[in-house]
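J.: File follows, work-v5.txt with compact mmCIF, C-alpha atoms:
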```txt
# COMPACT_ATOMS: atom_id res chain seq x y z
CA MET A 481 142.85 60.75 146.52
CA SER A 482 141.82 61.42 142.98
CA VAL A 483 141.59 65.09 142.21
CA VAL A 484 140.50 67.41 139.45
CA PRO A 485 142.99 67.95 136.61
CA ILE A 486 144.06 71.51 135.90
CA SER A 487 142.65 71.27 132.39
CA TYR A 488 139.11 71.20 133.81
CA TYR A 489 139.68 74.54 135.48
CA LEU A 490 141.24 75.97 132.32
CA VAL A 491 138.31 74.82 130.17
CA LEU A 492 135.89 76.36 132.66
CA SER A 493 137.92 79.56 132.51
CA ALA A 494 137.75 79.54 128.70
CA ILE A 495 133.98 78.98 128.77
CA LEU A 496 133.44 81.82 131.23
CA PHE A 497 135.68 84.11 129.18
CA GLY A 498 133.77 83.21 126.01
CA LEU A 499 130.45 83.94 127.70
CA GLY A 500 131.91 87.24 128.90
CA VAL A 501 132.85 88.16 125.32
CA VAL A 502 129.35 87.16 124.14
CA ALA A 503 127.75 89.33 126.84
CA PHE A 504 130.10 92.19 126.00
CA VAL A 505 129.13 92.10 122.33
CA PHE A 506 125.43 91.36 122.68
CA LYS A 507 124.29 93.50 125.58
CA ARG A 508 123.12 97.01 124.90
CA ASN A 509 123.05 98.36 128.45
CA ILE A 510 126.30 100.06 129.41
CA ILE A 511 126.20 98.75 133.00
CA THR A 512 125.73 95.18 131.78
CA ILE A 513 128.67 95.65 129.41
CA PHE A 514 130.75 96.65 132.42
CA MET A 515 129.62 93.50 134.20
CA ALA A 516 130.72 91.46 131.17
CA ILE A 517 134.20 92.95 131.55
CA GLU A 518 134.21 91.90 135.21
CA LEU A 519 133.17 88.40 134.16
CA MET A 520 136.11 88.18 131.76
CA LEU A 521 138.49 89.38 134.47
CA ASN A 522 137.11 86.68 136.77
CA ALA A 523 137.66 84.00 134.13
CA VAL A 524 141.28 85.10 133.73
CA ASN A 525 141.70 85.04 137.51
CA LEU A 526 140.55 81.43 137.58
CA ALA A 527 143.18 80.54 134.98
CA PHE A 528 145.83 82.36 137.05
CA VAL A 529 144.93 80.43 140.20
CA ALA A 530 144.85 77.12 138.31
CA PHE A 531 148.30 77.74 136.81
CA ALA A 532 149.65 78.81 140.18
CA ARG A 533 148.41 75.52 141.58
CA ALA A 534 149.84 73.50 138.70
CA HIS A 535 153.30 75.01 139.07
CA ASN A 536 153.20 75.16 142.86
CA GLN A 537 154.18 78.81 142.70
CA LEU A 538 152.40 81.64 144.43
CA ASP A 539 153.25 84.34 141.88
CA GLY A 540 149.97 83.68 140.08
CA LEU A 541 148.02 84.44 143.24
CA VAL A 542 149.82 87.77 143.60
CA PHE A 543 148.76 88.57 140.04
CA VAL A 544 145.16 87.71 140.88
CA PHE A 545 145.42 90.13 143.79
CA PHE A 546 146.61 92.89 141.45
CA VAL A 547 143.89 92.08 138.92
CA ILE A 548 141.26 92.47 141.63
CA VAL A 549 142.75 95.83 142.68
CA VAL A 550 142.76 97.07 139.08
CA ALA A 551 139.18 95.84 138.62
CA ALA A 552 138.09 97.79 141.69
CA ALA A 553 139.74 100.97 140.40
CA GLU A 554 138.24 100.40 136.96
CA ALA A 555 134.76 99.88 138.39
CA ALA A 556 134.98 103.10 140.43
CA VAL A 557 136.06 105.25 137.48
CA GLY A 558 133.84 103.44 134.97
CA LEU A 559 130.69 103.77 137.03
CA ALA A 560 131.42 107.48 137.55
CA ILE A 561 131.59 107.78 133.75
CA VAL A 562 128.32 105.82 133.46
CA ILE A 563 126.58 108.20 135.87
CA THR A 564 127.82 111.26 133.96
CA LEU A 565 126.77 109.66 130.68
CA ALA A 566 123.32 108.77 131.99
CA GLN A 567 122.80 112.34 133.16
CA ASN A 568 123.81 113.76 129.79
CA ARG A 569 122.10 111.26 127.49
CA GLU A 570 119.18 110.24 129.70
CA SER A 571 119.66 106.68 128.51
CA LEU A 572 121.90 103.73 129.29
CA ASN A 573 121.78 102.35 125.77
CA VAL A 574 125.23 102.37 124.18
CA GLU A 575 123.73 102.99 120.76
CA ARG A 576 122.69 106.43 121.94
CA VAL A 577 126.33 107.22 122.62
CA ASN A 578 127.49 107.78 119.06
CA LEU A 579 129.20 111.15 119.15
CA LEU A 580 132.57 109.64 118.21
CA LYS A 581 131.11 107.08 115.84
CA PHE A 582 132.17 107.37 112.23
CA MET B 77 133.99 60.10 141.79
CA SER B 78 135.55 61.80 144.72
CA LEU B 79 134.08 64.66 146.71
CA GLU B 80 136.42 67.13 145.06
CA PHE B 81 135.17 66.18 141.60
CA ILE B 82 131.56 66.54 142.67
CA LEU B 83 132.23 69.94 144.25
CA PHE B 84 134.09 71.08 141.16
CA PHE B 85 131.25 70.12 138.83
CA VAL B 86 128.58 71.63 141.05
CA PHE B 87 130.34 74.99 141.29
CA ALA B 88 131.42 74.94 137.64
CA ILE B 89 127.84 74.37 136.51
CA VAL B 90 126.59 77.10 138.84
CA ALA B 91 129.21 79.50 137.44
CA VAL B 92 128.33 78.75 133.81
CA MET B 93 124.61 79.02 134.57
CA GLY B 94 125.19 82.38 136.24
CA ALA B 95 127.13 83.61 133.21
CA LEU B 96 124.35 82.44 130.89
CA LEU B 97 121.78 84.13 133.11
CA LEU B 98 123.79 87.35 132.87
CA ILE B 99 123.41 87.21 129.08
CA VAL B 100 119.72 86.34 128.88
CA ALA B 101 118.49 88.59 131.72
CA ARG B 102 116.60 91.63 130.47
CA GLU B 103 117.02 93.79 133.55
CA PRO B 104 120.47 94.95 134.70
CA ILE B 105 119.70 94.10 138.33
CA HIS B 106 119.16 90.45 137.38
CA SER B 107 122.45 90.46 135.50
CA ALA B 108 124.19 91.89 138.56
CA LEU B 109 122.74 89.23 140.88
CA SER B 110 123.74 86.42 138.49
CA LEU B 111 127.25 87.88 138.31
CA ILE B 112 127.40 87.71 142.12
CA LEU B 113 126.44 84.03 141.78
CA VAL B 114 129.36 83.49 139.37
CA MET B 115 131.77 85.24 141.74
CA VAL B 116 130.70 83.24 144.80
CA SER B 117 131.04 79.94 142.96
CA LEU B 118 134.45 81.02 141.66
CA ALA B 119 135.45 81.72 145.27
CA ALA B 120 134.48 78.14 146.12
CA LEU B 121 136.63 76.92 143.22
CA TYR B 122 139.56 78.96 144.57
CA LEU B 123 139.08 77.15 147.88
CA LEU B 124 139.24 73.84 146.00
CA LEU B 125 142.49 75.00 144.40
CA GLY B 126 143.93 75.78 147.82
CA ALA B 127 143.94 79.57 147.50
CA GLU B 128 142.12 80.58 150.68
CA PHE B 129 143.29 84.19 150.75
CA ILE B 130 142.22 84.79 147.15
CA ALA B 131 138.85 83.18 147.88
CA ALA B 132 138.31 85.52 150.83
CA VAL B 133 139.38 88.54 148.78
CA GLN B 134 137.08 87.41 145.98
CA ILE B 135 134.10 87.38 148.34
CA ILE B 136 134.97 90.59 150.19
CA VAL B 137 136.19 92.79 147.34
CA TYR B 138 134.42 91.40 144.26
CA ALA B 139 131.10 90.08 145.53
CA GLY B 140 131.08 92.62 148.33
CA ALA B 141 132.50 95.97 147.31
CA ILE B 142 132.48 96.00 143.51
CA MET B 143 129.07 94.39 143.03
CA VAL B 144 127.50 96.60 145.71
CA LEU B 145 128.83 99.54 143.69
CA PHE B 146 127.20 98.11 140.56
CA VAL B 147 123.87 97.47 142.28
CA PHE B 148 124.00 100.95 143.82
CA VAL B 149 124.53 102.58 140.42
CA ILE B 150 121.76 100.47 138.85
CA MET B 151 119.33 101.61 141.53
CA LEU B 152 120.57 105.21 141.41
CA LEU B 153 120.00 105.42 137.66
CA ASN B 154 116.74 103.47 137.88
CA ALA B 155 117.86 101.20 135.04
CA GLY B 156 114.88 99.31 133.71
CA VAL B 157 114.44 96.76 130.96
CA GLU B 158 117.00 97.29 128.26
CA GLU B 159 115.87 98.11 124.76
CA ARG B 160 116.24 95.41 122.18
CA THR B 161 117.72 96.41 118.88
CA ASN B 162 118.16 94.53 115.67
CA TRP B 163 121.44 92.68 115.54
CA SER B 164 123.66 93.49 112.64
CA GLN B 165 123.55 90.79 109.98
CA ILE B 166 127.32 90.19 110.10
CA ALA B 167 127.14 89.61 113.84
CA LYS B 168 124.34 87.10 113.46
CA TYR B 169 125.70 84.99 110.63
CA ALA B 170 129.46 85.28 111.06
CA GLY B 171 130.09 86.43 114.61
CA LEU B 172 128.19 83.74 116.46
CA PRO B 173 129.71 80.69 114.68
CA LEU B 174 133.16 82.26 114.85
CA GLY B 175 132.76 82.91 118.56
CA ILE B 176 131.68 79.34 119.22
CA PHE B 177 134.57 78.08 117.10
CA LEU B 178 137.03 80.22 119.06
CA LEU B 179 135.63 78.92 122.33
CA PHE B 180 135.97 75.28 121.29
CA GLU B 181 139.45 75.83 119.88
CA LEU B 182 140.55 77.45 123.13
CA ALA B 183 138.99 74.69 125.23
CA HIS B 184 140.49 71.96 123.04
CA PHE B 185 143.96 73.49 123.20
CA LEU B 186 143.83 73.95 126.96
CA ALA B 187 142.55 70.44 127.56
CA HIS B 188 145.28 68.81 125.48
CA SER B 189 148.22 71.01 126.34
CA ARG B 190 151.09 69.70 128.43
CA ILE B 191 150.11 71.74 131.46
CA GLY B 192 146.50 70.69 131.12
CA THR B 193 147.20 67.09 132.00
CA THR B 194 148.91 68.04 135.23
CA ILE B 195 147.02 66.80 138.22
CA ALA B 196 146.23 69.46 140.78
CA ASN B 197 147.23 67.31 143.68
CA GLY B 198 149.77 69.86 144.85
CA ALA B 199 152.13 67.37 146.43
CA GLY B 200 154.65 70.05 147.33
CA ALA B 201 152.08 72.79 147.79
CA PRO B 202 152.11 74.72 151.04
CA THR B 203 149.42 73.76 153.47
CA THR B 204 146.41 75.91 154.25
CA ALA B 205 147.84 78.31 156.79
CA ALA B 206 151.29 78.44 155.20
CA SER B 207 149.81 79.41 151.83
CA THR B 208 148.50 82.76 153.04
CA ARG B 209 151.69 83.40 154.98
CA ALA B 210 153.88 82.64 151.96
CA LEU B 211 151.64 84.81 149.79
CA SER B 212 151.97 87.78 152.14
CA GLU B 213 155.74 87.34 152.31
CA MET B 214 155.91 87.30 148.52
CA LEU B 215 153.59 90.32 148.28
CA PHE B 216 155.61 92.45 150.69
CA GLN B 217 159.07 91.43 149.52
CA LYS B 218 159.26 90.37 145.91
CA TYR B 219 156.30 92.44 144.75
CA LEU B 220 156.60 95.38 147.14
CA LEU B 221 157.03 98.02 144.42
CA PRO B 222 153.96 96.93 142.39
CA PHE B 223 152.02 96.73 145.64
CA GLU B 224 152.88 100.34 146.49
CA ALA B 225 152.15 101.37 142.91
CA THR B 226 148.60 100.00 143.24
CA SER B 227 148.02 102.37 146.17
CA ILE B 228 148.79 105.30 143.85
CA LEU B 229 146.49 103.71 141.26
CA ILE B 230 143.65 103.52 143.78
CA LEU B 231 144.27 107.13 144.83
CA ILE B 232 144.12 108.31 141.21
CA ALA B 233 140.95 106.24 140.66
CA ILE B 234 139.30 107.89 143.68
CA LEU B 235 140.28 111.36 142.44
CA GLY B 236 139.08 110.52 138.93
CA ALA B 237 135.73 109.28 140.20
CA LEU B 238 135.32 112.43 142.30
CA VAL B 239 136.15 114.73 139.39
CA LEU B 240 133.81 112.84 137.04
CA ALA B 241 130.95 112.74 139.55
CA LYS B 242 131.23 116.46 140.31
CA ARG B 243 128.42 118.36 138.66
CA GLY B 244 129.44 120.82 135.99
CA GLU B 245 129.18 124.49 136.89
```
Could you render the structure as C-alpha cells?
T.:
Amino acid sequence: MSVVPISYYLVLSAILFGLGVVAFVFKRNIITIFMAIELMLNAVNLAFVAFARAHNQLDGLVFVFFVIVVAAAEAAVGLAIVITLAQNRESLNVERVNLLKF
Amino acid sequence: MSLEFILFFVFAIVAVMGALLLIVAREPIHSALSLILVMVSLAALYLLLGAEFIAAVQIIVYAGAIMVLFVFVIMLLNAGVEERTNWSQIAKYAGLPLGIFLLFELAHFLAHSRIGTTIANGAGAPTTAASTRALSEMLFQKYLLPFEATSILILIAILGALVLAKRGE
C-alpha cells in the first residue's frame, strides 16, 4: 500500500500557517484576526499529528490535546475582550483601537 | 494513485481553499464558516494519519464549541462588512514578497528534511482502537500534572470571561 509521505502533511501545515499569518496581518476586523490565530493553531496541530505519526509516538497527540484546550480558553477570554471593546468603541475595526499606539 | 493519496489531496485542497476564503471574505460570518470548513477537512486528515481521538476532539471542540462561540459573538455584535483601509506601502511592497519567500523556504525545508521523507505507513503504529487507549493511558499517567493544570487554566479562563463580560457599574 503506497501512502502519503509525512512531508506532504508538513508542507500543507506550512501553507496553512502562512495563510494564517497573511490573514492576521491583512484583516482589519478583530474577530477575523482571532480566527486567523485559530487557523495558525490548527496548522501547528497538523504538524504535531504528522510528527507523532512519523515517530510512532503518541506524545505529539497529547500536545495537540493541550493546544486545543488552550485555544478554547483563549477564545473564551478573547471574545469577552472583543465584546467589551465593541461596546466601548462601537466598532470592530482594530485601527480604531489606538489608545496604546505610539 | 492510491485512495489515501486521493483523499489527502482532496482534503488538503479543501483546507487551503477554506483558508483562502477566510482571507478574501468581506463579512466575518463568511470567514467563520470557511474556518469551519478548514477544521473539518483537518479532522479528516487526522483520521488519515490514524489519530481518531484527535479527529473527534477537533470536530467536537473546535468546529463545535469554539466556532459556535465565534459565530455567536459575530451575531451578537451584528458585525457587518469590514471597512477597507489603505495598506501601508511597506506592507505592500516588502511584506508580501517576504511572506511568500518565507512560506516557500519553510515548505522547501520541510519537504527535503530527513523526517520529511519518512513514509507515514506506521508499521509499528498502534491500531485504531489501541491508539485511543494508549493516548488516554499516556494522558492520565505521564502527563497527569499538565492535564490537571489545564483544568485550573479553564477555570481561570471562565472567571476571566465572566469578569470581562460583567457590565461596569
J.: Sort by chain and increasing residue number a table of all residues of range 115-170 of chain B within 8 Å of range 510-528 of chain A, each with its closest pair of atoms and their distance in Å to one decimal, counting all atoms listed in the file, and write it as a Markdown table.
T.:
```
| residue | atom | partner | partner_atom | distance |
| --- | --- | --- | --- | --- |
| B:Met115 | CA | A:Asn522 | CA | 7.4 |
| B:Leu118 | CA | A:Leu526 | CA | 7.4 |
| B:Tyr122 | CA | A:Leu526 | CA | 7.5 |
| B:Phe146 | CA | A:Ile511 | CA | 7.7 |
| B:Ile150 | CA | A:Ile511 | CA | 7.5 |
```
J.: Output the selection as a PDB file, keeping the file's coordinate frame - C-alpha atoms for each residue.
T.:
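Saved the output as out.pdb:
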```pdb
ATOM      1  CA  MET B 115     131.770  85.240 141.740  1.00  0.00           C
ATOM      2  CA  LEU B 118     134.450  81.020 141.660  1.00  0.00           C
ATOM      3  CA  TYR B 122     139.560  78.960 144.570  1.00  0.00           C
ATOM      4  CA  PHE B 146     127.200  98.110 140.560  1.00  0.00           C
ATOM      5  CA  ILE B 150     121.760 100.470 138.850  1.00  0.00           C
TER       6      ILE B 150
END
```
J.: Given only C-alpha atoms, how would the per-residue table for chain A near chain B read, listing every residue at most 8 Å away with its closest atom pair and distance in Å to one decimal, sorted by chain and number, as CSV?
T.:
```
residue,atom,partner,partner_atom,distance
A:Met481,CA,B:Ser78,CA,7.6
A:Ser482,CA,B:Ser78,CA,6.5
A:Val483,CA,B:Asn197,CA,6.2
A:Val484,CA,B:Phe81,CA,5.9
A:Pro485,CA,B:Ile195,CA,4.5
A:Ile486,CA,B:Gly192,CA,5.4
A:Ser487,CA,B:Gly192,CA,4.1
A:Tyr488,CA,B:Ala187,CA,7.2
A:Leu490,CA,B:Leu186,CA,6.3
A:Val491,CA,B:Ala183,CA,5.0
A:Leu492,CA,B:Ala88,CA,6.8
A:Ala494,CA,B:Ala183,CA,6.1
A:Ile495,CA,B:Leu179,CA,6.6
A:Leu496,CA,B:Val92,CA,6.5
A:Gly498,CA,B:Leu179,CA,6.0
A:Leu499,CA,B:Ala95,CA,6.4
A:Gly500,CA,B:Ala95,CA,7.4
A:Val502,CA,B:Ile99,CA,7.7
A:Ala503,CA,B:Ile99,CA,5.3
A:Phe506,CA,B:Ile99,CA,7.9
A:Lys507,CA,B:Ile99,CA,7.3
A:Arg508,CA,B:Glu158,CA,7.0
A:Asn509,CA,B:Glu158,CA,6.1
A:Ile511,CA,B:Pro104,CA,7.1
A:Thr512,CA,B:Pro104,CA,6.0
A:Met515,CA,B:Ala108,CA,7.1
A:Leu519,CA,B:Leu111,CA,7.2
A:Asn522,CA,B:Met115,CA,7.4
A:Leu526,CA,B:Leu118,CA,7.4
A:Val529,CA,B:Tyr122,CA,7.1
A:Ala530,CA,B:Leu125,CA,6.9
A:Arg533,CA,B:Ala196,CA,6.5
A:Ala534,CA,B:Ala196,CA,5.8
A:Asn536,CA,B:Ala201,CA,5.6
A:Leu538,CA,B:Leu211,CA,6.3
A:Asp539,CA,B:Met214,CA,7.7
A:Leu541,CA,B:Ile130,CA,7.0
A:Val542,CA,B:Leu215,CA,6.5
A:Val544,CA,B:Ile130,CA,7.5
A:Phe545,CA,B:Ile130,CA,7.1
A:Phe546,CA,B:Thr226,CA,7.6
A:Ile548,CA,B:Tyr138,CA,7.4
A:Val549,CA,B:Thr226,CA,7.2
A:Val550,CA,B:Thr226,CA,7.7
A:Ala552,CA,B:Ile142,CA,6.2
A:Ala553,CA,B:Ala233,CA,5.4
A:Glu554,CA,B:Ala233,CA,7.4
A:Ala555,CA,B:Ile142,CA,6.8
A:Ala556,CA,B:Ala237,CA,6.2
A:Val557,CA,B:Ala237,CA,4.9
A:Leu559,CA,B:Val149,CA,7.1
A:Ala560,CA,B:Ala237,CA,5.4
A:Ile561,CA,B:Leu240,CA,6.4
A:Ile563,CA,B:Ala241,CA,7.3
A:Thr564,CA,B:Ala241,CA,6.6
A:Ala566,CA,B:Leu153,CA,7.4
A:Leu572,CA,B:Ala155,CA,7.5
A:Asn573,CA,B:Glu159,CA,7.3
```
J.: Report the distance between CA of Gly558 in chain A and CA of Leu109 in chain B in Å, rounded to one decimal place.
T.: 19.0 Å
J.: Between CA of Ser117 in chain B and CA of Ile136 in chain B, measure the distance and give it in Å to one decimal.
T.: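 Going from CA of Ser117 in chain B over to CA of Ile136 in chain B, I get 13.5 Å.
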J.: Rounded to one decimal, what separation in Å do you get between CA of Met151 in chain B and CA of Leu565 in chain A?
T.: 15.4 Å
J.: Box for range 571-575 of chain A: with edges along x, y and z, all listed atoms inside and 4 Å added on each side, what are the centre and edge lengths in Å to one decimal, as lines of an AutoDock Vina configuration file?
T.:
```
center_x = 122.4
center_y = 104.5
center_z = 125.0
size_x = 13.6
size_y = 12.3
size_z = 16.5
```
J.: Would you mind completing range 539-550 of chain A to N, CA and C atoms and writing the output as a PDB file, in the frame of the given file?
T.:
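The resulting rebuild.pdb:
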```
ATOM      1  N   ASP A 539     153.234  83.098 142.642  1.00  0.00           N
ATOM      2  CA  ASP A 539     153.250  84.340 141.880  1.00  0.00           C
ATOM      3  C   ASP A 539     151.906  84.602 141.203  1.00  0.00           C
ATOM      4  N   GLY A 540     151.271  83.527 140.735  1.00  0.00           N
ATOM      5  CA  GLY A 540     149.970  83.680 140.080  1.00  0.00           C
ATOM      6  C   GLY A 540     148.933  84.271 141.009  1.00  0.00           C
ATOM      7  N   LEU A 541     148.995  83.895 142.281  1.00  0.00           N
ATOM      8  CA  LEU A 541     148.020  84.440 143.240  1.00  0.00           C
ATOM      9  C   LEU A 541     148.248  85.916 143.466  1.00  0.00           C
ATOM     10  N   VAL A 542     149.528  86.337 143.456  1.00  0.00           N
ATOM     11  CA  VAL A 542     149.820  87.770 143.600  1.00  0.00           C
ATOM     12  C   VAL A 542     149.236  88.523 142.409  1.00  0.00           C
ATOM     13  N   PHE A 543     149.328  87.915 141.219  1.00  0.00           N
ATOM     14  CA  PHE A 543     148.760  88.570 140.040  1.00  0.00           C
ATOM     15  C   PHE A 543     147.244  88.674 140.153  1.00  0.00           C
ATOM     16  N   VAL A 544     146.617  87.640 140.685  1.00  0.00           N
ATOM     17  CA  VAL A 544     145.160  87.710 140.880  1.00  0.00           C
ATOM     18  C   VAL A 544     144.820  88.870 141.808  1.00  0.00           C
ATOM     19  N   PHE A 545     145.617  89.012 142.850  1.00  0.00           N
ATOM     20  CA  PHE A 545     145.420  90.130 143.790  1.00  0.00           C
ATOM     21  C   PHE A 545     145.478  91.468 143.053  1.00  0.00           C
ATOM     22  N   PHE A 546     146.481  91.628 142.180  1.00  0.00           N
ATOM     23  CA  PHE A 546     146.610  92.890 141.450  1.00  0.00           C
ATOM     24  C   PHE A 546     145.450  93.074 140.465  1.00  0.00           C
ATOM     25  N   VAL A 547     145.014  91.973 139.850  1.00  0.00           N
ATOM     26  CA  VAL A 547     143.890  92.080 138.920  1.00  0.00           C
ATOM     27  C   VAL A 547     142.642  92.560 139.649  1.00  0.00           C
ATOM     28  N   ILE A 548     142.428  92.054 140.867  1.00  0.00           N
ATOM     29  CA  ILE A 548     141.260  92.470 141.630  1.00  0.00           C
ATOM     30  C   ILE A 548     141.350  93.956 141.980  1.00  0.00           C
ATOM     31  N   VAL A 549     142.577  94.403 142.347  1.00  0.00           N
ATOM     32  CA  VAL A 549     142.750  95.830 142.680  1.00  0.00           C
ATOM     33  C   VAL A 549     142.453  96.691 141.465  1.00  0.00           C
ATOM     34  N   VAL A 550     142.987  96.287 140.294  1.00  0.00           N
ATOM     35  CA  VAL A 550     142.760  97.070 139.080  1.00  0.00           C
ATOM     36  C   VAL A 550     141.275  97.057 138.713  1.00  0.00           C
TER      37      VAL A 550
END
```
